[in-house]
Amino acid sequence: MTIEIPKEKSAGAVRLVTLGATREQGGTRTRTLTLGGETALPYLDFEGNLPNPPGLALEVRDRKPDDWSPLLYAAWGEAMQDPGDWAGAAEAAGADLIYLVLSATKADGSKNDAANARAVVRKVLSSTGLPIAVVGPGQADLDNELIVAAAEEAKGERVLIGICEDKNYRTIVAAALANDQLVQSKTPMDVNLSKQLVILIHDMGMPLERIVMDPTTGALGYGIEYGYSVMERLRLAALQGDTMTQQPMMVNPGEEAWKVKESKVGEGVPAAWGDWERRALNWEAVTAAALVLSGANLLILRHPTTLKRVRVMIEDLRTSG
Amino acid sequence: MPLTGLEIYKLLPQTNCKECGFPTCLAFAMKLAAKQAELKACPYVSEESKTKLEAASAPPIRLVQLAGDGTKLEVGNETVLFRHEKTFYHRPGLFLRLKDTETPESLKSRAAEADAYKADYVGISLGLDGFAVEAASGDPAKFQAAVAAVCSASTKPLILLAPTPELAKAGLAGCPGRRPLLYAATPENAAAMAEIAAAAKAPLAVRAEGLDALAELTGQVLKAGVEDIVLDPGVAHHRDALLTLTHLRRLAIKKLFRPLGFPIITFPGGAGQADETVLAAQHIAKYAGLVVLESFDPATLYPLLVLRQNIYTDPQKPIQVQPGVYEINAPDAKAPVLVTTNFSITYFSVANEVEGSGWPAWLVVTDAEGMSVLTAWAAGKFDSERIAKAVKNFGVAEKVGHQRLIIPGQVAVLSGELEEDLPGWQIMVGPREAVDIGGFLKAMWPNGK
Ligand code: B12
Ligand code: SF4
């Protein structure tokens, strides 16, 4: 008996989006990162093409954050004191992209501002050859102020800027249009909301080749199943030819996983949770692994060890034999 | 693929006698296809047709049961490829491998430790499902003693990793009264293994390279009278596992291909080369029915158990708790009052934190339709009006001698409106994360514990 393996044909493909620009392309990056192009469900390469592996980004802050897990301080050490050093360390740890997050305040407690944003972006660009993303602290007014400055400073570098959300996207999209950057379009775990925001951004004149959609995820144990299923539904829709779901998908398992008690706290937790460091690293890795399977094209991580583990998984998923 | 109305019609008597209550056999067939009628309404179907129709309506992936001593585990009977299409029903069993090359005493103590493992996740008690005892020594007597040792430490179901019929028999003798999974029938030993499994009424795993060989093997084993089968397609890596398990799931569900319509067993750390945790996570998300782990480490087991719980949650029903006032650490009239939503994850994050802090407190759980604080707030299910109503309806004022209410930091914006909706109450904005509640109470609550 010879069993016929069922194959599914797709009527659509995920759009190709390239982050970063080399010298020839008008930037200064030594590498670019191309996402998307899939014509099959994640890693099912017997029925379609999956030309690009998902990118793995490491999150870097403009200054040492106040509230991260001690395990992350231990992992990055002194490098966290300076965004340039941190970006360099992230590149050395194997990142494909630096995901730079600008804080609401500067190290001295004063409000962050455009001049600082420019200086930090400049520094990061000069200390790494990787493509970068730059996002604000998540407060509309401040985001706009900082991100417009960052977009101008990095003109021509094809930086992914954000975060565009339904309440606040116009200024960021305009800055990306004016400076030849890309945008992160983020919506709260809903297929239709994802599409709608992509449409709104596209209507402002942004080419679809410059939009990465972030359907949002929760951490393992804190709502990951919602994000996981929304991503599966988005990818199925994209392959069925629903054009506004065909953007590459990015998610931030690093931030989500390191926010929860299981990874943040080592003391006063149930013994059944086991060794803190191994548990915390597993929390981020398992969250990320599930999202790799649900179709993530770009994952933002925080711990260098997780990046290595997820890289091994992805390489294994893409290597036959 | 279930049968269509027309295919069913061909198996009916086609006499249109109307005794089934439908005007024609075809009308009845259509109702059967839509699952709105039952075959037994027709008194005239032939035995042959009945068998065919029953076979066609059997679940695409067989439900297989393993039984321990008063415990059981059911795997299989899944009906979809993606959880959003309906839900995944039977959580894959997580088993720990133990080898008979260890002494019975050491096995007993390791099994007892792992057996006692229990982690609480949103009020659900999670743990290992059983043990996979391996006849690594090759010595039947040793294997039987090892199985008996594990049984003396745990009532959970077992998998007997026994490469030969002789060892399988010895393993069964070590766990009388239980219904372990025998592992495994291979092309070389299938007949003998099937005979043993049939006699013991135990489920049997089959292992072969390639799906063709696997299907042939299940056919052979079925003929020998074993119906409860588990498949081991022998996958070792991420890609191999994802592709093979996807093929198997699609063949079973979309093609109703019976020879491979069984749950699947995997060994994510088996060859020792992989990152067992990450590969096990993949097997849980993508289609394993039984997962055998190489070592017992709570720091690995807990995240895997939580992932399994999340992936197998019914997407139609968020896990929620009953709205009401919950008493934590025996609160009195001076104790603080906190308000939160009835989403299980939210409730337990807060309740566990308050309990752990040692503070007696009243926790008002509003009916937010099972949503988290910000989700419910954004959806209009956790607004000032609802909170005020909960405080009034649950009679909070009668339980305490103060009028102070602590709200989640994430919804600080509600405080003004709440002071209007709850006249006389002082609204205190708590921290954004539950972890900080203990510190907050210490710093901010007026009359101490
Ligand atoms: C999972 C999720 C969902 C799931 C629902 C899960 C559920 N059952 O609630 C789904 C996909 C259904 C969903 C839907 C929506 N969501 Co939603 N969702 C999330 C997500 C990813 C995680 C929420 C979660 O489970 N958190 C974990 C729980 C434990 O957190 P928590 O309840 O806040 O509790 C913590 C604290 O608040 C604190 N705490 C809790 N109670 C108390 C009490 C006191 C006294 C104190 C001191 C502390 C405290 O302790 C807990 C642990 O620290 C968040 C984004 C994120 N990553 O946080 C978005 C998020 C909450 N969603 C959001 C939105 C907008 C929505 C929608 C309205 C979108 C839409 N238009 O469809 C819908 C609304 C639902 C509807 N209309 O049906 C927004 C809210 C934005 C805002 N600020 O208004 C968020 C923040 C995403 C975003 N960034 O845009 N969502
Ligand atoms: S009872 Fe049976 S034979 Fe008679 S009409 Fe119904 S299906 Fe046809």
# chains A, B, ... in the order shown; residues from 1 in each chain; ligands from 1
call {"tool": "interface_residues", "arguments": {"of": "chain B", "to": "chain A", "cutoff": "6 Å", "atoms": "only C-alpha atoms", "output": "ChimeraX atom specification"}}
result
/B:119,212,238-239,298-299,302,306,310-311
call {"tool": "write_last_selection", "arguments": {"atoms": "all heavy atoms", "output": "short mmCIF file (atom, residue, chain, number, x, y, z; two decimals), in the first residue's frame"}}
result
data_model
loop_
_atom_site.label_atom_id
_atom_site.label_comp_id
_atom_site.auth_asym_id
_atom_site.auth_seq_id
_atom_site.Cartn_x
_atom_site.Cartn_y
_atom_site.Cartn_z
N ALA B 119 1.31 20.77 40.62
CA ALA B 119 1.43 22.22 40.52
C ALA B 119 0.04 22.79 40.30
O ALA B 119 -0.78 22.20 39.60
CB ALA B 119 2.33 22.59 39.34
N ASP B 212 3.62 4.01 5.36
CA ASP B 212 3.11 2.81 4.72
C ASP B 212 3.28 1.60 5.65
O ASP B 212 2.34 0.85 5.88
CB ASP B 212 3.85 2.54 3.40
CG ASP B 212 3.54 3.60 2.36
OD1 ASP B 212 2.45 4.18 2.43
OD2 ASP B 212 4.40 3.83 1.50
N HIS B 238 12.56 18.28 14.96
CA HIS B 238 11.42 19.19 14.82
C HIS B 238 10.71 19.03 13.48
O HIS B 238 9.49 18.89 13.43
CB HIS B 238 11.89 20.64 14.95
CG HIS B 238 12.16 21.05 16.37
ND1 HIS B 238 11.17 21.41 17.25
CD2 HIS B 238 13.31 21.15 17.06
CE1 HIS B 238 11.70 21.72 18.42
NE2 HIS B 238 12.99 21.57 18.33
N ARG B 239 11.47 19.04 12.40
CA ARG B 239 10.86 19.05 11.08
C ARG B 239 10.13 17.74 10.81
O ARG B 239 8.96 17.70 10.43
CB ARG B 239 11.91 19.28 10.00
CG ARG B 239 11.36 19.27 8.60
CD ARG B 239 12.43 19.62 7.59
NE ARG B 239 11.88 19.73 6.27
CZ ARG B 239 11.66 18.69 5.48
NH1 ARG B 239 11.94 17.48 5.89
NH2 ARG B 239 11.15 18.88 4.27
N PRO B 298 10.93 19.88 37.64
CA PRO B 298 9.77 20.78 37.74
C PRO B 298 9.92 22.03 36.88
O PRO B 298 8.94 22.53 36.33
CB PRO B 298 9.73 21.12 39.22
CG PRO B 298 10.33 19.94 39.89
CD PRO B 298 11.41 19.45 38.95
N ALA B 299 11.14 22.54 36.73
CA ALA B 299 11.33 23.77 35.96
C ALA B 299 11.03 23.57 34.47
O ALA B 299 10.83 24.53 33.73
CB ALA B 299 12.77 24.28 36.13
N TYR B 302 6.64 22.12 34.61
CA TYR B 302 5.59 23.11 34.86
C TYR B 302 5.25 23.91 33.59
O TYR B 302 4.09 23.97 33.20
CB TYR B 302 5.98 24.02 36.04
CG TYR B 302 4.90 25.00 36.39
CD1 TYR B 302 3.61 24.57 36.71
CD2 TYR B 302 5.14 26.37 36.38
CE1 TYR B 302 2.60 25.47 37.01
CE2 TYR B 302 4.13 27.28 36.68
CZ TYR B 302 2.87 26.82 36.99
OH TYR B 302 1.87 27.71 37.28
N VAL B 306 1.61 23.78 31.64
CA VAL B 306 0.82 25.00 31.42
C VAL B 306 0.54 25.16 29.92
O VAL B 306 -0.58 25.48 29.52
CB VAL B 306 1.54 26.24 31.99
CG1 VAL B 306 0.82 27.52 31.57
CG2 VAL B 306 1.61 26.16 33.51
N ASN B 310 -3.10 25.43 28.17
CA ASN B 310 -3.48 26.56 27.32
C ASN B 310 -3.96 26.09 25.94
O ASN B 310 -4.99 26.52 25.46
CB ASN B 310 -2.31 27.52 27.14
CG ASN B 310 -1.95 28.28 28.41
OD1 ASN B 310 -0.90 28.90 28.48
ND2 ASN B 310 -2.79 28.25 29.43
N ILE B 311 -3.17 25.22 25.32
CA ILE B 311 -3.51 24.78 23.97
C ILE B 311 -4.82 24.00 23.97
O ILE B 311 -5.60 24.07 23.02
CB ILE B 311 -2.36 23.91 23.38
CG1 ILE B 311 -1.09 24.72 23.20
CG2 ILE B 311 -2.76 23.25 22.05
CD1 ILE B 311 -1.10 25.75 22.09
#
call {"tool": "residues_near_ligand", "arguments": {"ligand": "ligand 2", "cutoff": "9 Å", "atoms": "only C-alpha atoms and all ligand atoms", "output": "list in words"}}
result
Tyr9, Leu12, Pro13, Gln14, Thr15, Asn16, Cys17, Lys18, Glu19, Cys20, Gly21, Phe22, Pro23, Thr24, Cys25, Leu26, Ala27, Phe28, Ala29, Leu39, Ala41, Cys42, Pro43, Tyr44 and Val45 of chain B
call {"tool": "residues_near_ligand", "arguments": {"ligand": "ligand 1", "cutoff": "6 Å", "atoms": "only C-alpha atoms and all ligand atoms", "output": "PyMOL selection string"}}
result
(chain A and resi 187-190+217-218+222-223+226) or (chain B and resi 318+338-340+343+345-346+349-350+370-375+378-379+406-410+430-434+437)
call {"tool": "residues_around", "arguments": {"residues": "Ala197 in chain B", "least_positions_apart": "4", "cutoff": "12 Å", "atoms": "only C-alpha atoms", "output": "PDB file with C-alpha atoms, in the first residue's frame"}}
result
ATOM      1  CA  LEU B 160       5.753  -0.661  29.265  1.00  0.00           C
ATOM      2  CA  PRO B 165       7.166 -10.405  23.692  1.00  0.00           C
ATOM      3  CA  ALA B 168       6.154  -7.502  27.531  1.00  0.00           C
ATOM      4  CA  LYS B 169       4.726 -10.492  29.380  1.00  0.00           C
ATOM      5  CA  GLY B 171       6.068  -6.289  32.447  1.00  0.00           C
ATOM      6  CA  LEU B 172       2.384  -7.161  32.480  1.00  0.00           C
ATOM      7  CA  ARG B 179      -4.109  -1.535  31.693  1.00  0.00           C
ATOM      8  CA  PRO B 180      -0.726  -0.264  30.558  1.00  0.00           C
ATOM      9  CA  LEU B 181       0.223   0.625  27.010  1.00  0.00           C
ATOM     10  CA  LEU B 182       2.497  -2.056  25.579  1.00  0.00           C
ATOM     11  CA  TYR B 183       5.315  -0.600  23.527  1.00  0.00           C
ATOM     12  CA  ALA B 184       5.897  -1.703  20.875  1.00  0.00           C
ATOM     13  CA  ALA B 185       4.865  -3.984  18.073  1.00  0.00           C
ATOM     14  CA  ALA B 190       3.913  -7.809  15.635  1.00  0.00           C
ATOM     15  CA  ALA B 191       2.113 -11.138  15.732  1.00  0.00           C
ATOM     16  CA  ALA B 192       3.429 -12.137  19.132  1.00  0.00           C
ATOM     17  CA  MET B 193       2.966  -8.667  20.616  1.00  0.00           C
ATOM     18  CA  LYS B 201      -6.843  -6.427  26.763  1.00  0.00           C
ATOM     19  CA  ALA B 202      -4.119  -3.814  26.808  1.00  0.00           C
ATOM     20  CA  PRO B 203      -3.552  -1.083  24.239  1.00  0.00           C
ATOM     21  CA  LEU B 204      -0.587  -1.628  21.950  1.00  0.00           C
ATOM     22  CA  ALA B 205       1.813   0.826  20.351  1.00  0.00           C
ATOM     23  CA  VAL B 206       3.113   0.075  16.884  1.00  0.00           C
ATOM     24  CA  VAL B 221      -2.543  -5.846  14.778  1.00  0.00           C
ATOM     25  CA  LEU B 222      -6.232  -5.067  14.236  1.00  0.00           C
ATOM     26  CA  ALA B 224      -5.205 -10.050  15.682  1.00  0.00           C
ATOM     27  CA  GLY B 225      -7.953  -8.445  17.743  1.00  0.00           C
ATOM     28  CA  VAL B 226      -6.248  -5.358  19.180  1.00  0.00           C
ATOM     29  CA  GLU B 227      -8.283  -2.225  18.587  1.00  0.00           C
ATOM     30  CA  ASP B 228      -6.651   0.205  20.970  1.00  0.00           C
ATOM     31  CA  ILE B 229      -3.571   1.216  19.069  1.00  0.00           C
TER      32      ILE B 229
END
call {"tool": "atom_distance", "arguments": {"atom1": "CA of Ala288 in chain B", "atom2": "CA of Arg311 in chain A"}}
result
22.6 Å
call {"tool": "closest_residue", "arguments": {"among": "A:Asp113, A:Glu157, A:Glu152, A:Asp214", "to": "Thr28 in chain A", "atoms": "only C-alpha atoms"}}
result
A:Glu157
call {"tool": "closest_residue", "arguments": {"among": "A:Leu197, A:Val101, A:Leu234, A:Cys164", "to": "Pro65 in chain A", "atoms": "only C-alpha atoms"}}
result
A:Val101
call {"tool": "select_by_dssp", "arguments": {"residues": "range 233-265 of chain A", "states": "helix (DSSP H, G or I)", "output": "ChimeraX atom specification"}}
result
/A:233-239,243-245,253-259,261-264
call {"tool": "closest_residue", "arguments": {"among": "B:Gly5, B:Gly177, B:Pro60, B:Pro140", "to": "Lys254 in chain B", "atoms": "only C-alpha atoms"}}
result
B:Pro60
call {"tool": "closest_residue", "arguments": {"among": "A:Asp242, A:Ser10, A:Ser110, A:Ala21", "to": "Asn49 in chain A", "atoms": "only C-alpha atoms"}}
result
A:Ser10
call {"tool": "closest_residue", "arguments": {"among": "B:Leu363, B:Ala149, B:Ile265, B:Leu211", "to": "His247 in chain B", "atoms": "only C-alpha atoms"}}
result
B:Leu211
call {"tool": "decode", "arguments": {"residues": "range 247-269 of chain A", "atoms": "N, CA and C atoms", "output": "PDB file, in the first residue's frame"}}
result
ATOM      1  N   GLN A 247       0.464  40.265   5.492  1.00  0.00           N
ATOM      2  CA  GLN A 247       1.695  40.874   6.014  1.00  0.00           C
ATOM      3  C   GLN A 247       2.445  39.836   6.847  1.00  0.00           C
ATOM      4  N   PRO A 248       3.773  39.895   6.871  1.00  0.00           N
ATOM      5  CA  PRO A 248       4.506  39.049   7.815  1.00  0.00           C
ATOM      6  C   PRO A 248       4.061  39.413   9.243  1.00  0.00           C
ATOM      7  N   MET A 249       4.109  38.401  10.137  1.00  0.00           N
ATOM      8  CA  MET A 249       3.663  38.620  11.512  1.00  0.00           C
ATOM      9  C   MET A 249       4.850  38.708  12.464  1.00  0.00           C
ATOM     10  N   MET A 250       4.806  39.704  13.341  1.00  0.00           N
ATOM     11  CA  MET A 250       5.807  39.796  14.401  1.00  0.00           C
ATOM     12  C   MET A 250       5.117  39.689  15.747  1.00  0.00           C
ATOM     13  N   VAL A 251       5.815  39.137  16.735  1.00  0.00           N
ATOM     14  CA  VAL A 251       5.284  39.075  18.096  1.00  0.00           C
ATOM     15  C   VAL A 251       6.410  39.271  19.096  1.00  0.00           C
ATOM     16  N   ASN A 252       6.005  39.585  20.313  1.00  0.00           N
ATOM     17  CA  ASN A 252       6.989  39.904  21.334  1.00  0.00           C
ATOM     18  C   ASN A 252       6.919  38.954  22.537  1.00  0.00           C
ATOM     19  N   PRO A 253       7.346  37.703  22.330  1.00  0.00           N
ATOM     20  CA  PRO A 253       7.315  36.774  23.464  1.00  0.00           C
ATOM     21  C   PRO A 253       8.274  37.183  24.580  1.00  0.00           C
ATOM     22  N   GLY A 254       9.352  37.900  24.241  1.00  0.00           N
ATOM     23  CA  GLY A 254      10.317  38.306  25.262  1.00  0.00           C
ATOM     24  C   GLY A 254       9.662  39.163  26.315  1.00  0.00           C
ATOM     25  N   GLU A 255       9.032  40.228  25.878  1.00  0.00           N
ATOM     26  CA  GLU A 255       8.396  41.142  26.827  1.00  0.00           C
ATOM     27  C   GLU A 255       7.315  40.425  27.635  1.00  0.00           C
ATOM     28  N   GLU A 256       6.473  39.669  26.939  1.00  0.00           N
ATOM     29  CA  GLU A 256       5.364  39.014  27.638  1.00  0.00           C
ATOM     30  C   GLU A 256       5.876  37.996  28.652  1.00  0.00           C
ATOM     31  N   ALA A 257       6.804  37.153  28.224  1.00  0.00           N
ATOM     32  CA  ALA A 257       7.250  36.077  29.114  1.00  0.00           C
ATOM     33  C   ALA A 257       8.000  36.612  30.327  1.00  0.00           C
ATOM     34  N   TRP A 258       8.742  37.710  30.149  1.00  0.00           N
ATOM     35  CA  TRP A 258       9.543  38.214  31.273  1.00  0.00           C
ATOM     36  C   TRP A 258       8.744  39.132  32.198  1.00  0.00           C
ATOM     37  N   LYS A 259       7.493  39.375  31.846  1.00  0.00           N
ATOM     38  CA  LYS A 259       6.634  40.208  32.668  1.00  0.00           C
ATOM     39  C   LYS A 259       5.986  39.382  33.777  1.00  0.00           C
ATOM     40  N   VAL A 260       5.874  38.083  33.558  1.00  0.00           N
ATOM     41  CA  VAL A 260       5.068  37.271  34.475  1.00  0.00           C
ATOM     42  C   VAL A 260       5.888  36.778  35.663  1.00  0.00           C
ATOM     43  N   LYS A 261       5.156  36.442  36.685  1.00  0.00           N
ATOM     44  CA  LYS A 261       5.784  36.050  37.935  1.00  0.00           C
ATOM     45  C   LYS A 261       6.718  34.853  37.771  1.00  0.00           C
ATOM     46  N   GLU A 262       6.320  33.911  36.948  1.00  0.00           N
ATOM     47  CA  GLU A 262       7.101  32.691  36.786  1.00  0.00           C
ATOM     48  C   GLU A 262       8.544  32.970  36.364  1.00  0.00           C
ATOM     49  N   SER A 263       8.751  34.042  35.608  1.00  0.00           N
ATOM     50  CA  SER A 263      10.131  34.312  35.196  1.00  0.00           C
ATOM     51  C   SER A 263      10.745  35.442  36.009  1.00  0.00           C
ATOM     52  N   LYS A 264       9.902  36.331  36.511  1.00  0.00           N
ATOM     53  CA  LYS A 264      10.442  37.499  37.197  1.00  0.00           C
ATOM     54  C   LYS A 264      10.943  37.192  38.603  1.00  0.00           C
ATOM     55  N   VAL A 265      10.249  36.282  39.268  1.00  0.00           N
ATOM     56  CA  VAL A 265      10.465  36.127  40.702  1.00  0.00           C
ATOM     57  C   VAL A 265      11.096  34.784  41.055  1.00  0.00           C
ATOM     58  N   GLY A 266      12.092  34.811  41.927  1.00  0.00           N
ATOM     59  CA  GLY A 266      12.764  33.586  42.335  1.00  0.00           C
ATOM     60  C   GLY A 266      12.384  33.108  43.715  1.00  0.00           C
ATOM     61  N   GLU A 267      11.851  34.012  44.528  1.00  0.00           N
ATOM     62  CA  GLU A 267      11.560  33.626  45.909  1.00  0.00           C
ATOM     63  C   GLU A 267      10.078  33.698  46.221  1.00  0.00           C
ATOM     64  N   GLY A 268       9.682  32.906  47.204  1.00  0.00           N
ATOM     65  CA  GLY A 268       8.290  32.939  47.641  1.00  0.00           C
ATOM     66  C   GLY A 268       7.329  32.408  46.598  1.00  0.00           C
ATOM     67  N   VAL A 269       7.832  31.537  45.724  1.00  0.00           N
ATOM     68  CA  VAL A 269       6.945  30.937  44.730  1.00  0.00           C
ATOM     69  C   VAL A 269       6.820  29.446  45.043  1.00  0.00           C
TER      70      VAL A 269
END
